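As C-alpha cells, the structure follows; a few thoughts come after it.
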Amino acid sequence: MKIYFMPDPIPYFDLPAQIRALRPELDVALARTLDNCSFCLGQDVVQFEKDFAAFCGAGHCVCFNSGTSALHVAMLLMGVGPGDEVITTPYTFVATSWAISYAGAKPVYVDIDDATFNLNPDLLERAITPRTKAVLPVHLYGQPFDLEPVLEICGKHRLPLVEDAAQAHGAKYRGRTIGTFGAVSCFSFYPGKNLGACGEGGALVTNDAALAARARSLREHGSTVRYYHDEVGYNYRMEGFQGAVLGVKLKHLDSWTRRRQTIAQTYHQLLTDTPLQLPREAGFAESVYHLYVVRHPRRDELKKHLESNGVGCALHYPLPLHLQKCYKGLGYRPGDFPLAEKAARECLSLPVYPELTDAQVYRVAEVVAGFFKS
C-alpha cells in the first residue's frame, strides 16, 4: 500500500468543504429567497418538492421542517394511534421510534440481519399481533432493506409499509429508486445527510394524492384554507431558505453518490485483508453509502487508534433503542435482540463523503491496517 504522509487531520465529515464549493450557487439561491421574502414554504420549497418527487420517481413530495416531523405525519396518515403497535428496528436513530411514540402507539422491535444491519424480514411475521397497525423499517446506512418479502408480508396482513429512507437518498432496490415502494417514504435533510439542508429539513414522498394532500394540511396547522382548521395540525413547515439550499444541492446529488460509491469500493480493496467485517452490499441493493461502517470486537481500541493518528470516526449506534432509558417501559431486556446489540458493540463508521480525497482515503486505510499490524 502506498503511504501518504499527511500532517493535517482527516475529519470524519467535512461539511465546510462542501459549502465552500457550492458557495456561489448558494449565495444566488439564498439571495433570491431573501428578495422574495418567501421564508415559510414559498416558491423555492414548491420547486424543490417537484424536483425531489421526480428524482424519486414519485407523484408527490411534501416537505417538512425535519425528517422526524415527516415520520410523525406518516404515522398519522396510516391511522396509527393510542393502543396500536408499529413494527420497526431497534438499530437506528431514535427518530424512527419517536414517530411511533408521538402518535401514542408502541414500537415493537424486530432484530436485524447480521450482514446488512437492516430489519430481518424472516423475523417480521412473528412480531405481528392484532394491534399491529403498520410496519416501519429503515434503509440503514444508505442500503435498502429487502423490500420484496416485507411487502409480501404487509400485503398478506393488510398492513401499510412506511419506509424510513432518511439515510438513503437515491438508493436503489432492484434498479428502482427508493421512495415509492411503501404507502409513503420519509427522508431527512439534516446537514450531515447525503442531501442535507443548511439546518433541519425533511420530506414525505408518495404516489397517493389524498395522502399528500392531508400531509400538507397536517404540516400547516391542519388547514387547507387559512384560519380554517379541519383537524388538529402542526407547525411542521419547511423554511424557504432550506428549499433554496436543497434545490441547489439536488443537482449535485448523483455525482456525490458516485463519489461515495467509489470511496467505498476503494476501502473494500484496501481493507479486504484486515480482520474487519466490511459493509456488504446485498445483491438486490445499490447503496448510496451514507455511512461506511466496519465492525470488529476491538472497536473501541480501533477508534482510539484512529483518533490518535488524526483520523476522524464515529459510532452509529452504540446503544440499541430497546435498551434506551426512554423506552424502559416497553419491557425489553439485554439479549432480546442479540444481533442489534452485537452490532452496537462492534460497529465503527469511517469517513465517507464526496470531498474526501484519494490521498485521504488511502491514509484512513493505512491507519486502520496499522492497528492490526501493531
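Simple scheme: letters A, B, ... for chains in C-alpha cells order, numbers from 1 for residues in each chain, numbers from 1 for ligands in the order shown.
Taking only range 213-352 of chain A, the residues that DSSP calls strand (DSSP E or B) from the backbone come to A:Glu220, A:Ser223, A:Thr224, A:Val225, A:Tyr228, A:His229, A:Asn235, A:Glu239, A:Gln277, A:Ala285, A:Glu286, A:Tyr292, A:Val293, A:Val294, A:Arg295, A:Val311, A:Ala314, A:Cys347, A:Leu348, A:Ser349, A:Leu350.
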Worksheet item: So which residues touch Ala99 in chain A within 10 Å, counting only C-alpha atoms, skipping near sequence neighbours fewer than 4 positions away, as a list of chain:residue names?
Response: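 Using only C-alpha atoms, the neighbours found are A:Gly67, A:Thr68, A:Ser69, A:Ala70, A:Leu71, A:His72, A:Val73, A:Ala74, A:Met75, A:Leu76, A:Val80, A:Val86, A:Val94, A:Ala95, A:Ala103, A:Gly104, A:Ala105, A:Pro107, A:Leu136.
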Put those residues in a file: C-alpha atoms, as a short mmCIF file (atom, residue, chain, number, x, y, z; two decimals), in the first residue's frame.
```cif
data_model
loop_
_atom_site.label_atom_id
_atom_site.label_comp_id
_atom_site.auth_asym_id
_atom_site.auth_seq_id
_atom_site.Cartn_x
_atom_site.Cartn_y
_atom_site.Cartn_z
CA GLY A 67 -37.32 14.17 8.95
CA THR A 68 -38.76 13.43 12.38
CA SER A 69 -41.83 15.55 11.57
CA ALA A 70 -42.26 13.72 8.27
CA LEU A 71 -42.20 10.37 10.08
CA HIS A 72 -44.70 11.59 12.67
CA VAL A 73 -47.13 12.72 9.97
CA ALA A 74 -46.62 9.42 8.15
CA MET A 75 -47.83 7.58 11.24
CA LEU A 76 -50.92 9.80 11.41
CA VAL A 80 -51.68 4.96 13.95
CA VAL A 86 -45.85 -0.44 14.83
CA VAL A 94 -34.22 7.22 17.69
CA ALA A 95 -36.39 9.44 15.46
CA ALA A 103 -48.73 9.02 17.66
CA GLY A 104 -49.38 7.34 21.02
CA ALA A 105 -48.51 3.86 19.77
CA PRO A 107 -42.77 0.45 19.00
CA LEU A 136 -41.70 0.93 9.61
#
```
Worksheet entry | Minimum-distance residue to Pro144 in chain A, chosen among A:Arg260, A:Arg176, A:His268, A:Arg216 (using only C-alpha atoms) |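 Once distances to Pro144 in chain A are computed over only C-alpha atoms, the minimum belongs to A:Arg176.
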Worksheet entry | Nearest candidate to Leu339 in chain A (options A:Pro320, A:Tyr267, A:Leu34, A:Gln143; using only C-alpha atoms) |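 The shortest atom-to-atom distance to Leu339 in chain A comes from A:Pro320.
Near Cys186 in chain A, within 7 Å and counting only C-alpha atoms, sit Gly67, Ala70, Leu71, Glu163, Asp164, Ala165, Ala166, Ala203, Leu204 and Val205 of chain A, not including residues fewer than 3 positions from it in the same chain.
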Take the residues from that selection and write them out as an mmCIF file, in the first residue's frame, keeping C-alpha atoms.
```
data_model
loop_
_atom_site.group_PDB
_atom_site.id
_atom_site.type_symbol
_atom_site.label_atom_id
_atom_site.label_comp_id
_atom_site.auth_asym_id
_atom_site.auth_seq_id
_atom_site.Cartn_x
_atom_site.Cartn_y
_atom_site.Cartn_z
ATOM 1 C CA GLY A 67 -37.321 14.170 8.950
ATOM 2 C CA ALA A 70 -42.256 13.719 8.266
ATOM 3 C CA LEU A 71 -42.199 10.367 10.075
ATOM 4 C CA GLU A 163 -40.139 3.421 4.536
ATOM 5 C CA ASP A 164 -37.699 5.365 6.673
ATOM 6 C CA ALA A 165 -35.355 6.500 3.909
ATOM 7 C CA ALA A 166 -33.648 9.204 5.974
ATOM 8 C CA ALA A 203 -39.859 15.184 3.248
ATOM 9 C CA LEU A 204 -42.633 12.662 2.756
ATOM 10 C CA VAL A 205 -42.881 11.072 -0.693
#
```
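When only C-alpha atoms are used to measure the gap to Pro11 in chain A, the shortest distance among A:Glu307, A:Asp111, A:Asp146, A:Asp273 belongs to A:Glu307.
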Practice prompt. From a DSSP calculation on the backbone, collect every residue of range 27-225 of chain A in alpha helix (DSSP H) and output the set as number ranges by chain.
Written response: A: 27-36, 43-56, 67-77, 95-102, 147-157, 209-219
Worksheet item: If you count only C-alpha atoms, which residues fall within 9 Å of Ser217 in chain A, apart from same-chain ones fewer than 4 positions away, as a list in words?
Response: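 Listed by chain and then number, they are Ala212, Ala213, His221, Gly222, Ser223, Thr224, His229, Asp230, Glu231, Gly233 and Tyr234 of chain A.
Of the listed residues A:Pro90, A:Leu30, A:Ala314, A:Arg258, the one whose atoms come nearest to Pro334 in chain A is A:Pro90, with distances taken using only C-alpha atoms.
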Discussion item. As an exercise, work out the distance from CA of Ala285 in chain A to CA of Leu159 in chain A in Å and give it to one decimal place.
Written reply: 23.5 Å
Polymer residues at most 10 Å from Leu22 in chain A, only C-alpha atoms, same-chain spacing of 3 or more positions, as a short mmCIF file (atom, residue, chain, number, x, y, z; two decimals) with N, CA and C atoms, in the first residue's frame:
```cif
data_model
loop_
_atom_site.label_atom_id
_atom_site.label_comp_id
_atom_site.auth_asym_id
_atom_site.auth_seq_id
_atom_site.Cartn_x
_atom_site.Cartn_y
_atom_site.Cartn_z
N PRO A 16 -17.85 21.98 5.83
CA PRO A 16 -17.35 23.26 5.31
C PRO A 16 -16.78 23.15 3.89
N ALA A 17 -16.14 22.03 3.56
CA ALA A 17 -15.59 21.86 2.22
C ALA A 17 -16.71 21.84 1.18
N GLN A 18 -17.82 21.17 1.50
CA GLN A 18 -18.95 21.14 0.57
C GLN A 18 -19.54 22.53 0.38
N ILE A 19 -19.71 23.24 1.47
CA ILE A 19 -20.31 24.58 1.39
C ILE A 19 -19.41 25.53 0.60
N GLU A 25 -23.29 29.27 -5.92
CA GLU A 25 -24.67 28.86 -6.23
C GLU A 25 -25.60 29.12 -5.05
N LEU A 26 -25.13 28.83 -3.85
CA LEU A 26 -25.96 29.05 -2.67
C LEU A 26 -26.25 30.52 -2.45
N ASP A 27 -25.27 31.36 -2.67
CA ASP A 27 -25.47 32.81 -2.48
C ASP A 27 -26.57 33.33 -3.40
N VAL A 245 -31.65 25.97 -0.62
CA VAL A 245 -30.40 25.22 -0.47
C VAL A 245 -30.53 23.84 -1.08
N VAL A 248 -30.39 23.67 -4.85
CA VAL A 248 -29.03 23.73 -5.37
C VAL A 248 -28.33 22.38 -5.22
N LYS A 249 -28.43 21.80 -4.04
CA LYS A 249 -27.69 20.57 -3.76
C LYS A 249 -28.21 19.37 -4.54
N HIS A 252 -26.43 18.20 -7.58
CA HIS A 252 -25.12 17.56 -7.41
C HIS A 252 -25.22 16.16 -6.81
#
```
Practice prompt. May I have the residues within 9 Å of range 56-64 of chain A as a PyMOL selection string, using only C-alpha atoms and disregarding those fewer than 2 positions away in the same chain?
Written response: chain A and resi 41+45-46+48-54+66-70+169-170+176-180+200-209+212-213+215-216+219+236-239+243
Write the residues you've just listed into a file as a PDB file, in the first residue's frame, and include C-alpha atoms for each of them.
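Contents of the output file part28.pdb:
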```
ATOM      1  CA  LEU A  41     -42.671  27.298   2.454  1.00  0.00           C
ATOM      2  CA  VAL A  45     -39.896  24.783  -1.403  1.00  0.00           C
ATOM      3  CA  VAL A  46     -42.606  24.166  -4.011  1.00  0.00           C
ATOM      4  CA  PHE A  48     -37.832  21.507  -4.663  1.00  0.00           C
ATOM      5  CA  GLU A  49     -40.868  19.338  -3.899  1.00  0.00           C
ATOM      6  CA  LYS A  50     -41.471  18.918  -7.631  1.00  0.00           C
ATOM      7  CA  ASP A  51     -37.807  18.174  -8.328  1.00  0.00           C
ATOM      8  CA  PHE A  52     -37.356  15.702  -5.465  1.00  0.00           C
ATOM      9  CA  ALA A  53     -40.567  13.859  -6.380  1.00  0.00           C
ATOM     10  CA  ALA A  54     -39.220  13.472  -9.902  1.00  0.00           C
ATOM     11  CA  SER A  66     -37.400  17.833   9.822  1.00  0.00           C
ATOM     12  CA  GLY A  67     -37.321  14.170   8.950  1.00  0.00           C
ATOM     13  CA  THR A  68     -38.761  13.434  12.382  1.00  0.00           C
ATOM     14  CA  SER A  69     -41.827  15.553  11.569  1.00  0.00           C
ATOM     15  CA  ALA A  70     -42.256  13.719   8.266  1.00  0.00           C
ATOM     16  CA  HIS A 169     -31.457   9.436  -0.922  1.00  0.00           C
ATOM     17  CA  GLY A 170     -31.101   7.891  -4.381  1.00  0.00           C
ATOM     18  CA  ARG A 176     -35.612   1.222  -8.868  1.00  0.00           C
ATOM     19  CA  THR A 177     -35.044   4.334  -6.772  1.00  0.00           C
ATOM     20  CA  ILE A 178     -36.229   4.188  -3.181  1.00  0.00           C
ATOM     21  CA  GLY A 179     -39.317   6.253  -2.438  1.00  0.00           C
ATOM     22  CA  THR A 180     -42.419   4.601  -3.871  1.00  0.00           C
ATOM     23  CA  GLU A 200     -33.172  20.937   9.549  1.00  0.00           C
ATOM     24  CA  GLY A 201     -35.474  19.585   6.873  1.00  0.00           C
ATOM     25  CA  GLY A 202     -37.424  16.513   5.811  1.00  0.00           C
ATOM     26  CA  ALA A 203     -39.859  15.184   3.248  1.00  0.00           C
ATOM     27  CA  LEU A 204     -42.633  12.662   2.756  1.00  0.00           C
ATOM     28  CA  VAL A 205     -42.881  11.072  -0.693  1.00  0.00           C
ATOM     29  CA  THR A 206     -45.889   9.162  -2.031  1.00  0.00           C
ATOM     30  CA  ASN A 207     -47.885   8.286  -5.140  1.00  0.00           C
ATOM     31  CA  ASP A 208     -51.167   8.752  -3.258  1.00  0.00           C
ATOM     32  CA  ALA A 209     -52.633  12.204  -3.925  1.00  0.00           C
ATOM     33  CA  ALA A 212     -50.104  14.011   0.089  1.00  0.00           C
ATOM     34  CA  ALA A 213     -52.976  16.486   0.457  1.00  0.00           C
ATOM     35  CA  ALA A 215     -49.857  15.674   4.815  1.00  0.00           C
ATOM     36  CA  ARG A 216     -49.790  19.260   3.503  1.00  0.00           C
ATOM     37  CA  ARG A 219     -47.875  20.301   8.418  1.00  0.00           C
ATOM     38  CA  TYR A 236     -44.093  21.491  10.534  1.00  0.00           C
ATOM     39  CA  ARG A 237     -43.457  23.780   7.551  1.00  0.00           C
ATOM     40  CA  MET A 238     -40.102  23.834   5.780  1.00  0.00           C
ATOM     41  CA  GLU A 239     -38.344  27.197   5.670  1.00  0.00           C
ATOM     42  CA  GLY A 243     -35.870  24.757  -0.025  1.00  0.00           C
TER      43      GLY A 243
END
```
Discussion item. Under the rule that only C-alpha atoms are counted, which of A:Ala168, A:Val288, A:Ala29, A:Leu77 is the nearest residue to Thr262 in chain A?
Written reply: A:Val288
Item to complete: With a distance cut-off of 10 Å and only C-alpha atoms, select the neighbouring residues of Tyr12 in chain A, excluding the residue or stretch itself and same-chain residues fewer than 3 positions from it, and output the selection as a ChimeraX atom specification.
Response: /A:9,15,307,310-314,349-353,356
Store the residues picked out above in a file with N, CA and C atoms, as a short mmCIF file (atom, residue, chain, number, x, y, z; two decimals), in the first residue's frame.
```cif
data_model
loop_
_atom_site.label_atom_id
_atom_site.label_comp_id
_atom_site.auth_asym_id
_atom_site.auth_seq_id
_atom_site.Cartn_x
_atom_site.Cartn_y
_atom_site.Cartn_z
N PRO A 9 -5.10 16.60 10.13
CA PRO A 9 -6.08 15.56 10.50
C PRO A 9 -7.12 15.38 9.40
N LEU A 15 -18.21 19.14 6.21
CA LEU A 15 -19.28 19.95 5.63
C LEU A 15 -18.78 21.30 5.13
N GLU A 307 -8.23 7.96 16.13
CA GLU A 307 -8.25 9.35 16.61
C GLU A 307 -6.87 9.83 17.02
N GLY A 310 -5.01 11.04 14.01
CA GLY A 310 -5.59 12.13 13.22
C GLY A 310 -6.66 11.74 12.24
N VAL A 311 -7.29 10.59 12.45
CA VAL A 311 -8.36 10.14 11.55
C VAL A 311 -9.68 10.17 12.31
N GLY A 312 -10.62 10.95 11.83
CA GLY A 312 -11.93 11.03 12.46
C GLY A 312 -12.76 9.79 12.20
N CYS A 313 -13.61 9.43 13.15
CA CYS A 313 -14.50 8.29 13.01
C CYS A 313 -15.68 8.53 13.95
N ALA A 314 -16.68 7.66 13.89
CA ALA A 314 -17.89 7.89 14.70
C ALA A 314 -18.57 6.58 15.04
N SER A 349 -17.86 3.82 12.20
CA SER A 349 -18.04 4.49 10.91
C SER A 349 -16.76 5.22 10.50
N LEU A 350 -16.27 4.91 9.30
CA LEU A 350 -15.09 5.59 8.76
C LEU A 350 -15.53 6.77 7.89
N PRO A 351 -14.65 7.72 7.64
CA PRO A 351 -15.02 8.86 6.80
C PRO A 351 -15.45 8.42 5.40
N VAL A 352 -16.58 8.93 4.92
CA VAL A 352 -17.01 8.71 3.55
C VAL A 352 -17.90 9.89 3.15
N TYR A 353 -17.33 10.79 2.39
CA TYR A 353 -18.08 11.95 1.89
C TYR A 353 -17.42 12.40 0.60
N LEU A 356 -13.84 13.93 0.30
CA LEU A 356 -12.69 13.15 0.76
C LEU A 356 -11.79 12.86 -0.45
#
```
